[in-house]
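One structure is given here, and the rest of the page talks about it.
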Amino acid sequence: MPVLSGLRLELSGDHLTVTGTDLDLTIQLSIEVGGERDGGVVLPARLAADIVRSLGQGKVEVAVEGDDVSISNGRSQFSVRPLSFDDYPKLASPVTSSVTLPASQFGDALRQVVRAASTDEARPILTGVLMAAEADGLRMVATDSYRLAVRDLVGQQVLAADQKVLVPGRALTELQRLVGSGSDVTMRLGDRDATFEVGTTRLTTRLIEGEFPNYRQLIPASHPNALTVEREALLEAIRRVKILARDATPVRLHMGGDTLRLMAITQDVGNATEELDAQYTGTELTVAFNPDYLMAGVEACIGDSITLNTLDALKPAVVRGVGADDYLYLLMPVRVP
């Protein structure tokens, strides 16, 4: 449908509604403008955006003139051929029942969880984020089979008892960009779609159908080894060491005593080593991780320090922020010689 490459603009009085959709994901924004004549038009999205971005300061005037649309600003004027307004899909209204979440808290949860969702469309279930009702609130879960992120929103009774939905990670990535613009997020759940409203912007997405993996069995019941290290110091060390982690080379963490040693060894290129002060309890251990996945988990944690809990060099490790038990990031290690 070529018309889906366009943005639908509808003017009623001084109220302009702009809509973009690919049928799976729809974003709609309402703004106040200086309206002169009610009507609607579909503009080629990329072309219209490029034109408006190129214009100078001051007001932009958009007018339908015959078979073309005029976009002007000062002495700049463009004429664009619109797409078919009648062919643009009619969008269903969202359900009326809703719940409200604090934007800051929900935004933090999105930032922590969505990063672990898969982007491989061949495995559609894993491209979603599970939102499930728990006894004490809402739980959000994502995994790409290499890592797992779990965040609890305690006290947020968003879903009915035992209810769960699978929301596309792509939609929630877009929602992340919106949550900073409002104080609350309003969520509406339909049978096959979910709508999120932030300020004057509405995002609607189709839900993913299917059964999410049993993630609970992936989380080890106990971890005999525990490393505690400053979060920012660890991030900086990983960034430096991964310079030598070429061609999917993992970063090795050697844990023992009061020191954490990070190493990257790439044949025919070189190696890097860095040591950090840390606290460690358990058996001396070397475990290797994909450096990007490890950084993503450490970045997602809140607090000055993180804990890395391990069983051995081949079992999943769990990253948490010290004193922040509402979030965990589970990471599969990489087998090294």
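In the structure tokens, the first chain shown is A, the next is B, and so on; residue numbers restart at 1 for each chain, and ligands run from 1 in the order shown.
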inquiry  = For the strand (DSSP E) assignment from backbone DSSP, which residues of region 163-309 of chain A qualify? Please present them as a PyMOL selection string.
reply    = chain A and resi 164-168+184-189+193-198+201-206+225-230+251-256+259-266+270-277+279-281+285-289+305-309
key: Near-region 111-121 of chain A list (9 Å; only C-alpha atoms; drop same-chain fewer than 5 positions) as JSON, numbers by chain   = {"A": [106, 126, 127, 128, 129, 140, 141, 142, 143, 144, 145, 146, 147, 148, 149, 150, 151, 168, 169, 170, 172, 173, 176, 293, 296, 297, 299, 300, 301, 327, 329]}
inquiry  = Which residues are near Asp277 (chain A)? Cut-off 7 Å, only C-alpha atoms, ignore same chain within fewer than 4 positions. Put them as a list of chain:residue names.
reply    =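 Once the nearby chain positions are removed, what remains is A:Asp258, A:Thr259, A:Leu260.
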Export, as a tab-separated table (two decimals), in the first residue's frame, the selected residues with N, CA and C atoms.
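Everything below was put into again.tsv:
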```
chain	number	residue	atom	x	y	z
A	258	ASP	N	40.05	-9.28	46.13
A	258	ASP	CA	39.56	-7.90	46.08
A	258	ASP	C	39.80	-7.25	44.73
A	259	THR	N	39.99	-8.07	43.69
A	259	THR	CA	40.32	-7.52	42.37
A	259	THR	C	39.50	-8.21	41.29
A	260	LEU	N	39.02	-7.39	40.36
A	260	LEU	CA	38.39	-7.89	39.14
A	260	LEU	C	39.32	-7.56	37.98
```
Within 8 Å of region 206-216 of chain A using only C-alpha atoms, minus same-chain residues under 6 positions, as a compact mmCIF listing (two decimals) with N, CA and C atoms, in the first residue's frame:
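And here's out.txt as it stands now:
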```txt
# COMPACT_ATOMS: atom_id res chain seq x y z
N ASP A 24 0.71 -2.25 11.62
CA ASP A 24 1.09 -2.90 12.87
C ASP A 24 1.30 -1.87 13.98
N LEU A 25 1.86 -0.73 13.62
CA LEU A 25 2.17 0.33 14.57
C LEU A 25 1.62 1.65 14.04
N PRO A 124 9.27 -14.28 16.03
CA PRO A 124 8.42 -13.15 16.42
C PRO A 124 8.09 -13.09 17.90
N ILE A 125 7.96 -14.24 18.55
CA ILE A 125 7.62 -14.22 19.98
C ILE A 125 8.69 -13.48 20.77
N LEU A 126 9.95 -13.69 20.41
CA LEU A 126 11.06 -13.09 21.16
C LEU A 126 11.25 -11.61 20.83
N GLY A 128 8.92 -9.55 21.25
CA GLY A 128 7.96 -8.88 22.12
C GLY A 128 8.45 -8.74 23.55
N LEU A 130 6.96 -9.17 27.32
CA LEU A 130 5.84 -9.72 28.09
C LEU A 130 5.47 -8.76 29.20
N LEU A 148 18.31 -12.01 29.31
CA LEU A 148 16.95 -11.89 29.81
C LEU A 148 16.88 -10.69 30.74
N VAL A 165 0.06 -9.97 28.32
CA VAL A 165 0.04 -9.59 26.91
C VAL A 165 1.47 -9.50 26.42
N LEU A 166 1.63 -9.63 25.10
CA LEU A 166 2.95 -9.58 24.49
C LEU A 166 2.97 -8.39 23.53
N VAL A 167 3.70 -7.35 23.92
CA VAL A 167 3.73 -6.10 23.17
C VAL A 167 5.01 -6.05 22.33
N PRO A 168 4.93 -5.73 21.03
CA PRO A 168 6.13 -5.68 20.20
C PRO A 168 7.19 -4.74 20.77
N ARG A 192 -6.79 -7.29 20.66
CA ARG A 192 -5.64 -7.57 19.79
C ARG A 192 -4.66 -6.42 19.68
N ASP A 193 -4.92 -5.36 20.42
CA ASP A 193 -4.01 -4.22 20.33
C ASP A 193 -3.88 -3.53 21.67
N ALA A 194 -2.86 -2.69 21.76
CA ALA A 194 -2.62 -1.89 22.96
C ALA A 194 -2.38 -0.46 22.53
```
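Comparing the minimum interatomic distances between Glu197 (chain A) and each of A:Gly6, A:Thr310, A:Glu284, A:Ile27, counting only C-alpha atoms, we find that A:Ile27 sits nearest.
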message = Report as a list in words all protein, DNA and RNA residues lying within 12 Å of Gly303 (chain A), evaluated on only C-alpha atoms, omitting residues in the same chain fewer than 6 positions from it.
response =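 That gives Thr228, Val229, Glu230, Arg231, Glu232, Arg320, Gly321, Val322, Gly323, Ala324, Asp325 and Tyr327 of chain A.
Interatomic distance, CA of Arg123 (chain A) to CA of Leu153 (chain A): 26.8 Å.
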query = Nearest to Val158 (chain A): which of A:Asp86, A:Asp136, A:Glu174, A:Glu10 is it, counting only C-alpha atoms?
reply =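 Closest residue, counting only C-alpha atoms: A:Asp136.
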message = Can you pull out every residue from region 249-329 of chain A that DSSP, working from the backbone, puts in helix (DSSP H, G or I), and format the result as a ChimeraX atom specification?
response = /A:291-300
Distance query Asp22 (chain A) at most 10 Å, only C-alpha atoms, self and fewer than 6 positions along chain excluded, as a ChimeraX atom specification = /A:1,3-6,89,205
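We find CA of Thr17 (chain A) and CA of Gly35 (chain A) to be spaced 11.8 Å apart.
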